[in-house]
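All remarks here apply to the structure that follows.
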Amino acid sequence: MQLRLFVLIFVFAFHSLYGFSTEPLRADQKQPADYVNPFLGTDFFGHTFPGASLPYAMVHLSPDVDTKGWTYCAGYVYSGTSIMGFSHTHWSGVGMTNGGDVLLMPVTGRKLQIVPGPQNNPDEGYRSRFSHEDETASPGYYSVLLKDYNIKAELTATQRAGFHRYTFPKTNNAKIILDLGHQIGDMSSEEDSHLKIVDNNRIEGEKSAGLGKVYFVAEFSKPFRYYGTFDASYVTPESGGSIFPYKNEEKGNKIGAFVTFETEESEQVLVKVGISYTSVEGARKNLHAEIQDWDFDKVKNNARQIWNDELSKITIDGATADQKEIFYTSLYHSFLAQYISQDADGKYFGSDGKIHVADGYNFYGSFSCWDTYRSQHPLLTLTAPEHVNDFIKSIVAKVENYKWLPAQHFLNVFGEAMVGDHLIPVIVDAYMKGFRDYDINTLYNAMRKKALENPKPPVPENAGRSGLDFYKTLGYTPVDKVTESVPNTLELAYDDWCIAQMARELGKNDDYQLFIKRAHNYSNLWDSETQFMRPKNTDGTWLPPLGTNKQEIVKAGDHSYYKYFDPLLVGRRPNRYYTESNAWQYIWSVQHDIQGLIDLFGGNKPFIEKLDQFFEMSAVITPPKYVGVVGTIGQYVHGNQPSHHVAYLYNYAGQPWKTQNRVRQVCEELYRSGPGGLCGNEDMGSLSSWYVLSAMGFYAVTPGNPVYTIGSPLFGEARINLGNGKYFMIKAVNNSKENKYIQSATLNGKPFERTWITQKEITGGGELIFQMASTPNMKWGTGKEAVPPSMSKK
């Protein structure tokens with residue numbers, strides 16, 4: 001009896017200490033999925049989509065309102081007034097126009113339209129007007145009323161299959177159009193698409209697109225009354241049309257199929273579509289493995305449960321309704337943005353053009369790593385540890401298939417990527433945090449080889465590090481030879497630092513010495529006179545200042561560049577010498593050695609003066625204007641990744657209260673609820689994961705170093721579910737909009753004076769408590785041991 005009483009008291013005390021509720025969930029109590037707004041980021045240029053998908057999925061089934069131009073990278077924008085149909089592939093927040101594969105559109109009426117028609121005149125095609133009043137979305141579900149046809153369209157999904165439910169009016173002319181010519185953007189393919197109407201309720205085939213082939217199998221719940229194909233790129237001289245009734249097979253670039261039905265009032269016709277990147281047979285297996293029957297609500301409810309389980313990995317309290325929407329939608333976007341590419345049987349299309357099998361792991365075909373290495377991958381090491389080894393195993397497979405380490409890529413298509421070599425920090429960050437269930441020797445050798453050698457055929461030249469020969473001989477990449485030469489140098493120096501960390505872990509001391517030396521290469525572009533990382537020519541001279549000169553473009557063979565150095569110029573490719581940013585925004589991109597950067601400035605005082613000026617100066621840049629310069633606080637640009645760590649740099653210079661102020665400012669001013677709530681491209685979870693980490697109170701300034709830098713917690717409580725019954729709680733006592741400054745802190749009951757915390761301290765479980773107030777405590781976090789670690793020692 002005494003033992004049972006002790007256990008009960010212990011359990012009650014444990015749950016009370018860490019804030020866990022022992023009460024069952026009430027029927028009227030909101031679940032995490034209830035706070036998610038899939039429309040958040042669909043206005044302006046967030047480039048998110050509101051449709052149905054699961055975390056870590058292949059299918060992302062969503063409505064498209066248009067497909068032409070950068071505005072429609074995700075196919076949907078909130079300002080749209082008509083819908084073209086519902087396609088099965090979309091990228092979350094990228095600045096790349098691609099996807100929109102295998103579109104379905106339900107319609108009614110005598111006339112059969114085979115093109116969508118323009119937004120400004122939907123009657124010219126099969127698209128339909130809609131109203132946001134008749135549109136809803138939640139994790140794993142989307143619905144809308146197609147007003148022109150009085151059809152309710154509903155969407156849900158599994159990992160590899162989309163499920164459509166169309167509620168028709170009473171009509172003799174119900175139709176569903178399958179359009180393989182539909183494509184977001186203009187990534188055309190030299191190969192034709194192909195489809196076949198197999199029987200009275202199934203269509204299958206392949207869509208050829210810019211990033212490869214998408215195979216599909218579509219099954220219909222109701223037998224076809226009539227059917228046929230079309231080719232929108234061809235008009236027969238006899239009929240003057242492009243429709244082929246009762247033809248059961250078609251091949252071409254703008255092809256599709258139509259099927260018709262007679263329907264009663266409110267009759268539902270369902271369509272389930274499996275996709276694959278390997279074969280029609282793979283798509284069929286995926287469909288039958290994941291949707292065995294016609295129970296739409298079962299699939300929808302299962303999707304919601306999966307999302308609730310994922311979103312429950314972090315719970316928050318002491319947040320407003322708007323903050324909960326922003327936080328849980330950010331978490332939703334963070335989990336959404338890593339896409340599997342293998343079939344249910346493990347088969348995937350490799351970078352060598354062959355079919356391989358992922359044995360015992362999920363294969364991820366795409367890594368938008370210039371965006372995601374900074375915050376999304378570090379976040380997932382805390383919230384999705386069960387997936388991290390699979391990410392790295394996927395990179396191992398790519399190296400084995402391609403015989404080279406790729407950079408940023410989508411669907412295993414490797415080409416010219418963003419600046420830097422940023423699969424390296426993804427790998428090293430995971431390894432340094434203890435995720436090691438993969439062949440590290442293969443990866444290390446590939447990283448080392450790419451850092452030292454140019455690729456040899458059949459690997460294309462542009463798969464290597466840009467300007468590598470100059471970087472090795474000069475210690476920098478010169479502006480008169482290499483596009484975006486300054487960030488290329490800075491980011492390769494950081495990548496080399498990451499390789500050095502791995503070399504040290506593996507006991508390769510000679511390699512460590514080589515790469516740690518190269519990690520200092522950023523300093524070769526430091527100009528002490530202007531206090532910028534400045535473009536430098538091959539002969540060692542600085543690019544001359546703009547002064548009173550008129551900017552010109554210098555042509556040097558195939559290379560071109562701006563003639564004069566202007567710290568406020570972003571410019572345009574291929575002439576620019578910074579990547580989507582200017583000198584003000586790129587001066588801070590020395591994530592691995594902030595102390596070394598402070599030393600170049602001459603100490604904390606001039607460093608802080610420059611940092612203060614950065615946040616306080618005008619947001620205006622030198623023309624031409626650039627679409628990525630959005631979400632501004634002075635020259636700080638939260639809409640683009642190079643600025644994302646900068647608010648945390650005051651911690652390194654002894655003024656952490658300024659970090660607390662600026663981080664809160666970014667969280668509160670540049671993240672908002674509703675469709676327009678993102679200040680820039682979501683970039684595959686990049687913007688959202690920044691918010692999730694920062695709202696909890698910390699951020700990964702230096703991926704590859706298993707520590708996080710402290711900011712200012714946004715909520716009263718945030719609890720991370722670490723699995724295996726372990727939790728990490730962050731509490732902010734006396735927290736409010738005004739009370740953003742840390743007065744003191746404890747970690748598991750002991751005084752905590754550092755402005756950084758380790759991965760091990762978080763994943764070990766426990767409680768980090770901050771005491772908050774409205775005025776800064778200029779002593780907390782300023783001691784010698786309080787400063788986050790850098791390559792250089794203070």
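Please note that chains go A, B, ... in the order of the structure tokens, that every chain numbers its residues from 1, and that ligands are numbered from 1 in the order shown.
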As a PyMOL selection string, please: all residues of stretch 76-170 of chain A that backbone DSSP puts in helix (DSSP H, G or I).
-> chain A and resi 122-124+132-134
Go ahead and save the residues from that selection, with N, CA and C atoms, as a PDB file, in the first residue's frame.
ATOM      1  N   PRO A 122     -12.911  32.499 -67.532  1.00  0.00           N
ATOM      2  CA  PRO A 122     -12.993  31.058 -67.302  1.00  0.00           C
ATOM      3  C   PRO A 122     -13.896  30.334 -68.298  1.00  0.00           C
ATOM      4  N   ASP A 123     -14.863  31.033 -68.882  1.00  0.00           N
ATOM      5  CA  ASP A 123     -15.800  30.384 -69.789  1.00  0.00           C
ATOM      6  C   ASP A 123     -15.129  29.873 -71.060  1.00  0.00           C
ATOM      7  N   GLU A 124     -13.910  30.293 -71.328  1.00  0.00           N
ATOM      8  CA  GLU A 124     -13.201  29.821 -72.511  1.00  0.00           C
ATOM      9  C   GLU A 124     -12.595  28.434 -72.309  1.00  0.00           C
ATOM     10  N   HIS A 132     -13.878  31.920 -51.648  1.00  0.00           N
ATOM     11  CA  HIS A 132     -13.264  31.452 -50.404  1.00  0.00           C
ATOM     12  C   HIS A 132     -14.310  31.106 -49.348  1.00  0.00           C
ATOM     13  N   GLU A 133     -15.519  31.652 -49.493  1.00  0.00           N
ATOM     14  CA  GLU A 133     -16.592  31.308 -48.560  1.00  0.00           C
ATOM     15  C   GLU A 133     -16.992  29.841 -48.692  1.00  0.00           C
ATOM     16  N   ASP A 134     -16.740  29.261 -49.862  1.00  0.00           N
ATOM     17  CA  ASP A 134     -17.092  27.868 -50.106  1.00  0.00           C
ATOM     18  C   ASP A 134     -15.861  26.967 -50.123  1.00  0.00           C
TER      19      ASP A 134
END
Pick out the residues sitting within 12 Å of A:Ser266, and hand them over as a list in words; count only C-alpha atoms, and ignore anything fewer than 6 positions along from it in its own chain.
-> Asn150, Ile151, Lys152, Ala153, Arg165, Tyr166, Thr167, Phe168, Pro169, Lys170, Thr171 and Ala174 of chain A
What lies within 12 Å of A:Pro460 using only C-alpha atoms, ignoring chain neighbours under 4 positions off, as a PyMOL selection string?
-> chain A and resi 402-404+406+414-416+454-456+464-465
Identify, with DSSP run on backbone atoms, the residues in stretch 660-708 of chain A assigned to strand (DSSP E), and express the list as a VMD selection string.
-> chain A and resid 698 to 699 707 to 708
Find the residues near A:Trp690: any atom within 12 Å, counting only C-alpha atoms, skip ones fewer than 4 places away on the same chain, and give them as a PyMOL selection string.
-> chain A and resi 326-327+330-331+333-334+371-380+638-641+643-645+647-648+663+666-667+670-671+678+682-686+694-701+711
Excluding A:Met96 and residues on its chain fewer than 6 positions from it, collect all residues at most 10 Å away from it, counting only C-alpha atoms, and give them as number ranges by chain.
-> A: 47, 69-74, 184-185, 187, 683
Skipping near chain neighbours, those fewer than 4 positions away, what residues fall within 8 Å of A:Cys369 using only C-alpha atoms, listed as a list in words?
->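 My list of contacting residues is Tyr373, Ala407, Gln408, His422, Leu423 and Val426 of chain A.
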Could you turn the residues from that selection into a file that holds N, CA and C atoms, as a PDB file, in the first residue's frame?
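result-v1.pdb, freshly written:
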ATOM      1  N   TYR A 373      19.271  23.633 -44.632  1.00  0.00           N
ATOM      2  CA  TYR A 373      20.319  23.237 -43.681  1.00  0.00           C
ATOM      3  C   TYR A 373      20.352  24.153 -42.477  1.00  0.00           C
ATOM      4  N   ALA A 407      24.740  18.724 -54.910  1.00  0.00           N
ATOM      5  CA  ALA A 407      24.382  19.894 -54.115  1.00  0.00           C
ATOM      6  C   ALA A 407      22.855  19.962 -54.079  1.00  0.00           C
ATOM      7  N   GLN A 408      22.285  21.143 -53.982  1.00  0.00           N
ATOM      8  CA  GLN A 408      20.836  21.270 -53.933  1.00  0.00           C
ATOM      9  C   GLN A 408      20.209  20.662 -55.185  1.00  0.00           C
ATOM     10  N   HIS A 422      25.928  22.470 -49.649  1.00  0.00           N
ATOM     11  CA  HIS A 422      25.275  22.409 -48.351  1.00  0.00           C
ATOM     12  C   HIS A 422      24.555  21.120 -48.010  1.00  0.00           C
ATOM     13  N   LEU A 423      24.779  20.062 -48.779  1.00  0.00           N
ATOM     14  CA  LEU A 423      24.466  18.761 -48.196  1.00  0.00           C
ATOM     15  C   LEU A 423      25.467  18.430 -47.102  1.00  0.00           C
ATOM     16  N   VAL A 426      24.224  19.384 -43.665  1.00  0.00           N
ATOM     17  CA  VAL A 426      23.123  18.489 -43.307  1.00  0.00           C
ATOM     18  C   VAL A 426      23.686  17.180 -42.764  1.00  0.00           C
TER      19      VAL A 426
END
Between atom CA of A:Ser792 and atom CA of A:Glu761, measure the distance and give it in Å to one decimal.
->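 Taking atom CA of A:Ser792 and atom CA of A:Glu761, their separation equals 23.5 Å.
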Pick out the closest residue to A:Ser312 from this set: A:Ser560, A:Ser242, A:Asn172, A:Thr383. Count only C-alpha atoms.
->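 Among the listed residues, A:Thr383 lies closest to A:Ser312.
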